[in-house]
>>> print(open('entry25.tsv').read())   # TSV, C-alpha atoms
chain	number	residue	atom	x	y	z
A	807	MET	CA	0.00	0.00	0.00
A	808	HIS	CA	1.31	3.45	-0.75
A	809	TYR	CA	2.14	5.80	2.07
A	810	SER	CA	1.65	9.37	0.88
A	811	LEU	CA	-0.68	11.13	-1.54
A	812	GLY	CA	2.38	11.75	-3.69
A	813	ASP	CA	2.97	7.99	-4.07
A	814	TYR	CA	-0.52	7.52	-5.54
A	815	VAL	CA	-0.05	10.47	-7.88
A	816	LEU	CA	3.30	9.13	-9.13
A	817	ASP	CA	1.82	5.69	-9.76
A	818	ILE	CA	-1.09	7.09	-11.79
A	819	ALA	CA	1.22	9.47	-13.66
A	820	GLN	CA	3.38	6.51	-14.64
A	821	ASN	CA	0.31	4.69	-15.99
A	822	ALA	CA	-0.47	7.78	-18.05
A	823	VAL	CA	3.03	7.94	-19.52
A	824	GLU	CA	3.08	4.20	-20.22
A	825	SER	CA	-0.20	4.48	-22.12
A	826	GLY	CA	1.78	6.07	-24.94
A	827	ALA	CA	0.50	9.57	-24.21
A	828	GLY	CA	1.85	12.55	-26.11
A	829	THR	CA	0.62	14.82	-23.33
A	830	VAL	CA	0.04	14.21	-19.64
A	831	ARG	CA	-1.51	16.83	-17.42
A	832	ILE	CA	-1.57	16.73	-13.62
A	833	ASP	CA	-3.77	19.16	-11.71
A	834	PHE	CA	-3.09	19.27	-7.99
A	835	ALA	CA	-5.45	21.46	-5.99
A	836	GLU	CA	-5.36	22.03	-2.26
A	837	THR	CA	-7.93	23.87	-0.17
A	838	GLU	CA	-8.35	24.20	3.55
A	839	GLU	CA	-10.52	21.09	3.56
A	840	SER	CA	-9.17	18.78	0.88
A	841	PHE	CA	-6.66	17.67	-1.77
A	842	SER	CA	-7.87	17.00	-5.30
A	843	VAL	CA	-5.82	15.53	-8.10
A	844	ALA	CA	-6.60	14.87	-11.74
A	845	VAL	CA	-4.23	13.06	-14.10
A	846	ALA	CA	-5.27	13.25	-17.73
A	847	ASP	CA	-3.55	11.74	-20.76
A	848	ASP	CA	-4.14	11.36	-24.47
A	849	GLY	CA	-2.80	7.84	-24.60
A	850	VAL	CA	-4.37	4.66	-25.96
A	851	GLY	CA	-7.33	4.81	-23.60
A	852	MET	CA	-9.46	1.83	-22.61
A	853	ALA	CA	-12.64	0.28	-23.92
A	854	GLU	CA	-15.43	-0.33	-21.41
A	855	GLU	CA	-14.40	-3.94	-20.74
A	856	GLU	CA	-10.76	-2.94	-20.18
A	857	LEU	CA	-11.82	-0.13	-17.85
A	858	ALA	CA	-13.82	-2.53	-15.72
A	859	ARG	CA	-10.82	-4.86	-15.44
A	860	ALA	CA	-8.37	-2.05	-14.67
A	861	LEU	CA	-9.75	-1.85	-11.14
A	862	ASP	CA	-9.22	-5.58	-10.59
A	863	PRO	CA	-6.02	-6.07	-8.55
A	864	PHE	CA	-5.43	-9.46	-10.21
A	865	TYR	CA	-5.51	-8.07	-13.73
A	866	THR	CA	-2.54	-6.72	-15.64
A	867	ASP	CA	-2.17	-6.05	-19.35
A	868	GLY	CA	0.93	-8.25	-19.46
A	869	LYS	CA	3.15	-5.48	-20.76
A	870	LYS	CA	5.18	-4.72	-17.64
A	871	HIS	CA	7.13	-7.99	-17.32
A	872	ALA	CA	6.51	-11.66	-18.03
A	873	ARG	CA	6.03	-12.84	-14.44
A	874	ARG	CA	3.65	-10.08	-13.39
A	875	LYS	CA	0.34	-11.33	-12.09
A	876	VAL	CA	-1.18	-8.22	-10.52
A	877	GLY	CA	-2.02	-4.61	-11.30
A	878	LEU	CA	-2.22	-2.82	-8.00
A	879	GLY	CA	-1.89	0.91	-8.69
A	880	LEU	CA	-5.53	1.75	-9.31
A	881	PRO	CA	-6.93	-0.73	-6.75
A	882	PHE	CA	-4.60	0.77	-4.10
A	883	LEU	CA	-5.98	4.22	-4.90
A	884	VAL	CA	-9.62	3.17	-4.91
A	885	GLN	CA	-9.19	1.44	-1.55
A	886	ALA	CA	-7.46	4.47	-0.05
A	887	THR	CA	-10.17	6.91	-1.21
A	888	ARG	CA	-12.93	4.66	0.10
A	889	GLN	CA	-11.17	4.26	3.44
A	890	ALA	CA	-10.79	8.02	3.88
A	891	GLU	CA	-14.24	8.91	2.51
A	892	GLY	CA	-12.62	10.58	-0.45
A	893	SER	CA	-13.60	10.55	-4.10
A	894	PHE	CA	-12.48	8.60	-7.15
A	895	ARG	CA	-13.44	8.82	-10.80
A	896	ILE	CA	-11.95	7.30	-13.92
A	897	GLU	CA	-12.99	8.04	-17.48
A	898	SER	CA	-11.46	6.58	-20.56
A	899	GLU	CA	-12.13	6.33	-24.26
A	900	LYS	CA	-10.30	3.94	-26.54
A	901	GLY	CA	-7.94	5.86	-28.79
A	902	LYS	CA	-8.49	9.15	-26.96
A	903	GLY	CA	-7.06	8.82	-23.47
A	904	THR	CA	-7.84	8.49	-19.80
A	905	THR	CA	-8.54	10.78	-16.87
A	906	VAL	CA	-8.18	9.66	-13.27
A	907	ALA	CA	-9.47	12.12	-10.68
A	908	PHE	CA	-9.44	11.62	-6.95
A	909	GLY	CA	-9.56	13.54	-3.71
A	910	PHE	CA	-9.12	13.20	0.02
A	911	PRO	CA	-10.65	15.24	2.84
A	912	LYS	CA	-7.83	16.59	4.99
A	913	GLY	CA	-9.78	16.10	8.20
A	914	ASN	CA	-10.17	12.33	7.83
A	915	VAL	CA	-7.72	10.35	9.96
A	916	ASP	CA	-7.27	7.82	7.14
A	917	ALA	CA	-6.35	10.42	4.53
A	918	PRO	CA	-2.75	9.87	3.41
A	919	PRO	CA	-0.23	12.59	4.24
A	920	LEU	CA	0.66	14.98	1.44
A	921	GLY	CA	4.25	13.80	1.25
A	922	ASP	CA	7.14	15.55	-0.42
A	923	LEU	CA	5.55	17.57	-3.24
A	924	PRO	CA	8.76	18.91	-4.85
A	925	GLY	CA	10.16	15.38	-4.85
A	926	LEU	CA	6.93	14.01	-6.30
A	927	PHE	CA	6.87	16.60	-9.08
A	928	ARG	CA	10.50	15.93	-9.89
A	929	ALA	CA	9.91	12.17	-10.11
A	930	ALA	CA	6.81	12.70	-12.28
A	931	LEU	CA	8.58	15.14	-14.61
A	932	CYS	CA	11.47	12.69	-14.99
A	933	LEU	CA	9.35	9.69	-16.00
A	934	PRO	CA	11.02	8.42	-19.16
A	935	GLY	CA	9.40	9.04	-22.53
A	936	ASP	CA	8.91	11.55	-25.31
A	937	HIS	CA	5.74	13.02	-23.87
A	938	GLU	CA	5.07	16.53	-22.65
A	939	MET	CA	3.95	16.80	-19.03
A	940	THR	CA	2.30	19.80	-17.45
A	941	ILE	CA	1.74	20.06	-13.72
A	942	ARG	CA	-0.55	22.70	-12.29
A	943	ARG	CA	-0.53	23.22	-8.56
A	944	THR	CA	-2.84	25.49	-6.60
A	945	ARG	CA	-3.33	26.05	-2.91
A	946	SER	CA	-5.82	28.23	-1.10
A	947	SER	CA	-5.54	27.56	2.58
A	948	PRO	CA	-4.49	29.27	5.82
A	949	GLU	CA	-0.86	28.31	5.01
A	950	GLY	CA	-1.03	30.81	2.18
A	951	SER	CA	-2.21	30.81	-1.42
A	952	LEU	CA	-0.09	29.81	-4.36
A	953	SER	CA	-0.46	28.84	-7.96
A	954	TYR	CA	2.13	27.67	-10.48
A	955	GLU	CA	2.44	25.59	-13.59
A	956	LEU	CA	5.39	23.43	-14.63
A	957	SER	CA	6.22	22.23	-18.09
A	958	ARG	CA	8.52	19.28	-18.68
A	959	SER	CA	9.84	20.64	-21.95
A	960	GLU	CA	10.61	24.08	-20.51
A	961	LEU	CA	12.41	22.63	-17.50
A	962	SER	CA	14.33	20.20	-19.67
A	963	GLU	CA	15.43	23.09	-21.89
A	964	ALA	CA	16.45	25.23	-18.91
A	965	LEU	CA	18.49	22.39	-17.39
A	966	GLY	CA	19.92	20.83	-20.53
A	967	GLY	CA	17.97	17.63	-19.91
A	968	LEU	CA	16.38	15.86	-16.98
A	969	GLU	CA	18.75	12.92	-16.51
A	970	ARG	CA	22.07	14.14	-15.18
A	971	ALA	CA	22.26	14.11	-11.40
A	972	ASP	CA	23.43	17.72	-11.22
A	973	SER	CA	20.39	18.84	-13.24
A	974	LEU	CA	18.10	16.77	-11.03
A	975	ALA	CA	19.58	18.36	-7.91
A	976	LEU	CA	18.98	21.87	-9.33
A	977	LEU	CA	15.47	20.88	-10.35
A	978	LEU	CA	14.55	19.89	-6.79
A	979	GLY	CA	15.67	23.27	-5.50
A	980	PHE	CA	13.63	25.03	-8.17
A	981	LEU	CA	10.52	22.98	-7.39
A	982	ALA	CA	10.89	23.59	-3.66
A	983	SER	CA	11.05	27.34	-4.31
A	984	GLN	CA	7.72	27.22	-6.17
A	985	GLU	CA	6.01	26.22	-2.91
A	986	GLU	CA	6.54	29.75	-1.57
A	987	ALA	CA	3.21	31.45	-1.08
A	988	ASP	CA	2.30	34.11	-3.67
B	638	MET	CA	13.47	30.42	-0.19
B	639	ALA	CA	12.23	32.97	-2.73
B	640	LYS	CA	10.33	31.59	-5.71
B	641	MET	CA	12.79	30.95	-8.56
B	642	THR	CA	11.98	31.79	-12.18
B	643	LEU	CA	12.89	29.64	-15.19
B	644	GLU	CA	15.45	32.28	-16.19
B	645	GLN	CA	17.13	32.05	-12.80
B	646	LEU	CA	17.18	28.27	-13.13
B	647	ARG	CA	18.87	28.55	-16.54
B	648	LYS	CA	21.50	30.91	-15.11
B	649	LEU	CA	22.14	28.61	-12.15
B	650	ARG	CA	22.64	25.73	-14.55
B	651	GLU	CA	25.09	27.75	-16.68
B	652	ASP	CA	27.03	28.89	-13.62
B	653	LYS	CA	27.30	25.30	-12.42
B	654	LYS	CA	28.51	24.07	-15.82
B	655	GLN	CA	31.29	26.66	-15.85
B	656	ASP	CA	32.41	25.64	-12.37
B	657	LEU	CA	33.02	22.05	-13.41
B	658	THR	CA	36.31	20.82	-14.84
B	659	ARG	CA	35.83	19.84	-18.47
B	660	ARG	CA	36.13	16.10	-18.79
B	661	GLU	CA	35.71	13.77	-21.73
B	662	VAL	CA	32.74	11.70	-20.69
B	663	GLU	CA	31.30	10.67	-24.02
B	664	GLY	CA	30.54	6.93	-23.86
B	665	LYS	CA	31.83	6.73	-20.31
B	666	GLU	CA	28.66	7.71	-18.55
B	667	ILE	CA	27.42	5.98	-15.46
B	668	GLN	CA	23.74	5.05	-15.44
B	669	VAL	CA	21.76	4.49	-12.28
B	670	ILE	CA	18.28	3.17	-13.01
B	671	VAL	CA	15.70	3.16	-10.23
B	672	GLY	CA	12.72	0.82	-10.47
B	673	MET	CA	9.62	2.95	-9.96
B	674	GLY	CA	6.72	0.59	-10.60
B	675	THR	CA	3.82	0.31	-8.16
B	676	CYS	CA	5.83	-2.18	-6.10
B	677	GLY	CA	8.84	0.11	-6.01
B	678	ILE	CA	6.85	3.22	-5.11
B	679	ALA	CA	5.08	1.34	-2.32
B	680	ALA	CA	8.42	0.15	-0.95
B	681	GLY	CA	10.03	3.61	-0.97
B	682	ALA	CA	11.70	3.90	-4.39
B	683	LYS	CA	11.11	7.64	-4.54
B	684	GLN	CA	13.11	8.15	-1.36
B	685	THR	CA	15.85	5.94	-2.86
B	686	PHE	CA	15.83	8.06	-6.02
B	687	ASP	CA	16.01	11.29	-4.01
B	688	GLU	CA	18.91	10.03	-1.89
B	689	ILE	CA	20.90	8.82	-4.90
B	690	VAL	CA	20.53	12.19	-6.65
B	691	LYS	CA	21.59	13.99	-3.49
B	692	ALA	CA	24.57	11.73	-2.80
B	693	VAL	CA	25.80	11.77	-6.41
B	694	ASP	CA	25.66	15.57	-6.41
B	695	GLU	CA	27.45	15.77	-3.04
B	696	TYR	CA	30.29	13.56	-4.31
B	697	GLY	CA	30.72	15.88	-7.28
B	698	LEU	CA	29.66	13.23	-9.81
B	699	GLY	CA	26.58	15.10	-11.01
B	700	LYS	CA	27.90	15.67	-14.51
B	701	ASP	CA	28.97	12.07	-15.05
B	702	VAL	CA	26.00	10.17	-13.72
B	703	ILE	CA	22.66	9.75	-15.44
B	704	ILE	CA	19.81	8.77	-13.16
B	705	ARG	CA	16.76	7.26	-14.77
B	706	GLN	CA	13.49	5.79	-13.64
B	707	THR	CA	12.02	2.65	-15.05
B	708	GLY	CA	8.99	0.54	-14.31
B	709	CYS	CA	8.95	-2.75	-12.48
B	710	MET	CA	12.10	-4.81	-13.13
B	711	GLY	CA	10.44	-8.02	-11.98
B	712	LEU	CA	12.10	-8.19	-8.56
B	713	CYS	CA	9.02	-7.06	-6.66
B	714	TYR	CA	9.96	-9.08	-3.57
B	715	VAL	CA	13.11	-7.04	-2.94
B	716	GLU	CA	11.95	-3.55	-3.93
B	717	PRO	CA	13.20	-0.86	-4.08
B	718	THR	CA	15.64	-1.96	-6.76
B	719	VAL	CA	18.39	-0.05	-8.50
B	720	GLU	CA	20.40	-1.11	-11.56
B	721	VAL	CA	23.89	0.33	-11.94
B	722	VAL	CA	25.60	0.37	-15.33
B	723	MET	CA	29.15	1.62	-15.03
B	724	PRO	CA	32.10	1.27	-17.39
B	725	GLY	CA	34.68	-1.08	-15.90
B	726	MET	CA	32.21	-2.65	-13.44
B	727	PRO	CA	29.72	-5.50	-13.88
B	728	THR	CA	26.15	-4.38	-14.33
B	729	VAL	CA	24.24	-5.28	-11.21
B	730	ILE	CA	20.77	-4.87	-9.77
B	731	TYR	CA	20.66	-3.95	-6.12
B	732	GLY	CA	17.58	-4.61	-4.00
B	733	LYS	CA	16.14	-3.86	-0.58
B	734	MET	CA	17.30	-0.27	-0.97
B	735	THR	CA	16.82	2.33	1.73
B	736	SER	CA	18.05	5.91	1.97
B	737	GLU	CA	21.09	4.71	3.94
B	738	VAL	CA	21.86	1.91	1.48
B	739	ALA	CA	21.50	4.42	-1.37
B	740	LYS	CA	24.22	6.58	0.20
B	741	ASP	CA	26.42	3.48	0.59
B	742	LEU	CA	25.77	2.52	-3.04
B	743	VAL	CA	27.00	5.88	-4.30
B	744	ARG	CA	30.07	5.84	-2.06
B	745	LYS	CA	31.04	2.20	-2.55
B	746	HIS	CA	30.01	1.43	-6.13
B	747	LEU	CA	30.35	4.76	-7.91
B	748	VAL	CA	33.23	6.30	-5.96
B	749	GLU	CA	35.24	3.35	-4.60
B	750	LYS	CA	34.29	1.06	-7.53
B	751	LYS	CA	33.43	-1.86	-5.25
B	752	LEU	CA	30.21	-3.86	-5.23
B	753	LEU	CA	27.74	-3.52	-2.38
B	754	GLU	CA	27.72	-7.29	-1.81
B	755	ASN	CA	24.85	-7.59	0.67
B	756	HIS	CA	22.34	-5.99	-1.67
B	757	ILE	CA	23.06	-7.65	-5.00
B	758	PHE	CA	20.05	-9.48	-6.39
B	759	ASP	CA	21.00	-9.87	-10.02
B	760	ARG	CA	24.37	-9.81	-11.70
B	761	PRO	CA	26.30	-11.42	-14.55
B	762	ALA	CA	27.53	-15.02	-14.32
B	763	ALA	CA	30.51	-15.80	-12.08
B	764	ASP	CA	32.94	-16.26	-14.98
B	765	ILE	CA	32.21	-12.73	-16.16
B	766	MET	CA	32.50	-11.42	-12.62
B	767	LYS	CA	36.04	-12.87	-12.32
B	768	LYS	CA	37.31	-10.92	-15.33
>>> encode(input="entry25.tsv", output="structure tokens")
Amino acid sequence: MHYSLGDYVLDIAQNAVESGAGTVRIDFAETEESFSVAVADDGVGMAEEELARALDPFYTDGKKHARRKVGLGLPFLVQATRQAEGSFRIESEKGKGTTVAFGFPKGNVDAPPLGDLPGLFRAALCLPGDHEMTIRRTRSSPEGSLSYELSRSELSEALGGLERADSLALLLGFLASQEEAD
Amino acid sequence: MAKMTLEQLRKLREDKKQDLTRREVEGKEIQVIVGMGTCGIAAGAKQTFDEIVKAVDEYGLGKDVIIRQTGCMGLCYVEPTVEVVMPGMPTVIYGKMTSEVAKDLVRKHLVEKKLLENHIFDRPAADIMKK
């Protein structure tokens, strides 16, 4: 089971990238009462039958590795949202893409902790592939309001790539600075 | 920390590049590949990734080391797993990684060029290892 909200987001973002998406968008909204996340891609999408099976923990599409017998990412998330009285929605259309949206009420004792957001965003932006990723983060809470948008291609250009360790170290510092209230 | 702009990030990157000694690294790059499938994430792969980036940068190897993520490598029972591909060393997959083990991996494997024996879960055959 994943520990933080960030772990669930990274898992779903990886699914989006692995679906062959050209574009992945992550919207991460925080209010005083809740966290809401939506991960949308324009990848291969799923037909109705595939969508129904995607939430089965004992189903996998067989593409990850030969011995794999389970597909746990989405079932983990569904279980976590149910446990914390949160929300979960998945929509998909074959050939068009998939959107996974979920949320947790902050006040529920079973809601996962936020986790390390700069680290999460760095890991998501560095998922391998030729896709573009955009992350939009907003917060309106007593801790202060903020709003920023990150683009994988822009950050890659600014850093000369997103693979060298020195670039990754600079990227984390940049992402941490974005969490300053507006 | 004040909010950084993309332009400031570019400048920081340029300043850092100029500080580094020019070295011929073409074809001699070190690759560290962190398994980041569902099993890896659940076991703490992101923390392993973060610690490896930090340690590599602290040892001054940032320009020579490429750090990548991959999906599940099939060793779910010993996640988090990390594959290290380094010229002059056998390619190995380490498992049961933690933040502390990640620091040891960077120091021992990348800097001292010795294997982290207690955490090897996949490596070439013994005859190749002896070479």
>>> residues_around(input="entry25.tsv", residues="B:Arg744", least_positions_apart="3", cutoff="12 Å", atoms="all atoms listed in the file", output="ChimeraX atom specification")
/B:688-689,691-698,737-741,747-753
>>> interface_residues(input="entry25.tsv", of="chain A", to="chain B", cutoff="9 Å", atoms="only C-alpha atoms", output="PyMOL selection string")
chain A and resi 807-809+813-814+816-817+820+870-874+877-879+925-926+929+932-934+960-961+963-966+968-977+979-988
>>> residues_near_point(input="entry25.tsv", point="(25.5, -6.0, -1.3)", cutoff="12 Å", atoms="all atoms listed in the file", output="PyMOL selection string")
chain B and resi 718-719+729-734+738-739+741-742+745-746+751-760
>>> residues_around(input="entry25.tsv", residues="A:Val815", least_positions_apart="6", cutoff="9 Å", atoms="all atoms listed in the file", output="list of chain:residue names")
A:Ile832, A:Val843, A:Ala844, A:Val845, A:Leu926, A:Ala930
>>> closest_residue(input="entry25.tsv", among="A:Glu854, A:Glu899, A:Glu836, A:Asp936", to="A:Leu920", atoms="only C-alpha atoms")
A:Glu836
>>> atom_distance(input="entry25.tsv", atom1="atom CA of A:Ala835", atom2="atom CA of A:Phe894")
14.7 Å
>>> atom_distance(input="entry25.tsv", atom1="atom CA of A:Thr904", atom2="atom CA of A:Gly851")
5.3 Å
>>> atom_distance(input="entry25.tsv", atom1="atom CA of A:Gly909", atom2="atom CA of A:Gln885")
12.3 Å
